[in-house]
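Input: a single structure, listed below in structure tokens.
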Amino acid sequence: MFVKGKTKKIRRIYLNQKLQDLSALAFEKLKQKNNPAVELDNYVFLNRFGSNHISIQYVNRMLPKFLNQINIQCKNAGSHTLRKTFGKQIYETGRRTEHSLIMLSELLHHSSIQSTRQYIGISDLHFKQAYLGL
């Protein structure tokens with residue numbers, strides 16, 4: 001759970017067991033380095049000085065380099081790429097149902113389901129393919 005900056009709204013984030021285990025391991029390793037910035041209620045990703053969170057600009061600069069290192073080709077990769085990929089994955093995992101689209105729309109705080117459809121790239125072509133596939 002965290003509090004969003006401008007709006008001060010509470011946002012709940014749920015982590016699966018594998019991610020919980022990985023984050024606990026990373027936290028322990030950072031604590032072993034006696035970094036005073038390592039606290040449970042601190043940011044997950046700290047800058048190189050360990051004094052503040054990393055910026056969106058830093059993520060946008062480093063993400064293409066990281067993806068290249070693991071042989072993933074993505075044109076114009078940035079922090080927003082991760083958000084859209086997350087959205088598409090939720091929709092696919094939900095078997096492309098209207099229910100998953102509604103849930104995703106709320107999760108991404110879109111004003112309408114139509115906005116969410118456009119955001120994750122569901123176009124008329126997808127609808128045509130669905131009808132022709134019957």
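Every chain in the structure tokens has a letter given in the order shown (A, B, ...), and although residue numbers restart at 1 in each chain, ligands are simply numbered from 1 in the order shown.
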Exercise for the section: Identify, with DSSP run on backbone atoms, the residues in segment 33-118 of chain A assigned to helix (DSSP H, G or I), and express the list as number ranges by chain. Expected result: A: 56-69, 79-93, 98-107, 113-118
Exercise for the section: Skip segment 97-107 of chain A itself and residues of its chain fewer than 6 positions away, then list as a list in words all residues within 7 Å of it, counting only C-alpha atoms. Expected result: Gly87, Ile90, Tyr91, Ile113 and Thr116 of chain A
Handout entry: Counting only C-alpha atoms, the option among A:Ile120, A:Gly133, A:Tyr43, A:Ile10 closest to Thr85 of chain A
Key =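 Closest to Thr85 of chain A of all the choices is A:Ile120.
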Each segment 68-120 of chain A residue no farther than 10 Å from segment 44-60 of chain A, nearest pair in Å, only C-alpha atoms, as a Markdown table:
| residue | atom | partner | partner_atom | distance |
| --- | --- | --- | --- | --- |
| A:Asn76 | CA | A:Asn60 | CA | 9.0 |
| A:Ala77 | CA | A:Asn60 | CA | 7.2 |
| A:Gly78 | CA | A:Asn60 | CA | 4.4 |
| A:Ser79 | CA | A:Asn60 | CA | 5.7 |
| A:His80 | CA | A:Asn60 | CA | 8.6 |
| A:Thr81 | CA | A:Asn60 | CA | 9.5 |
Problem - Separation of atom CA of Ser112 of chain A from atom CA of Ile13 of chain A, in Å and rounded to one decimal - result: 21.8 Å
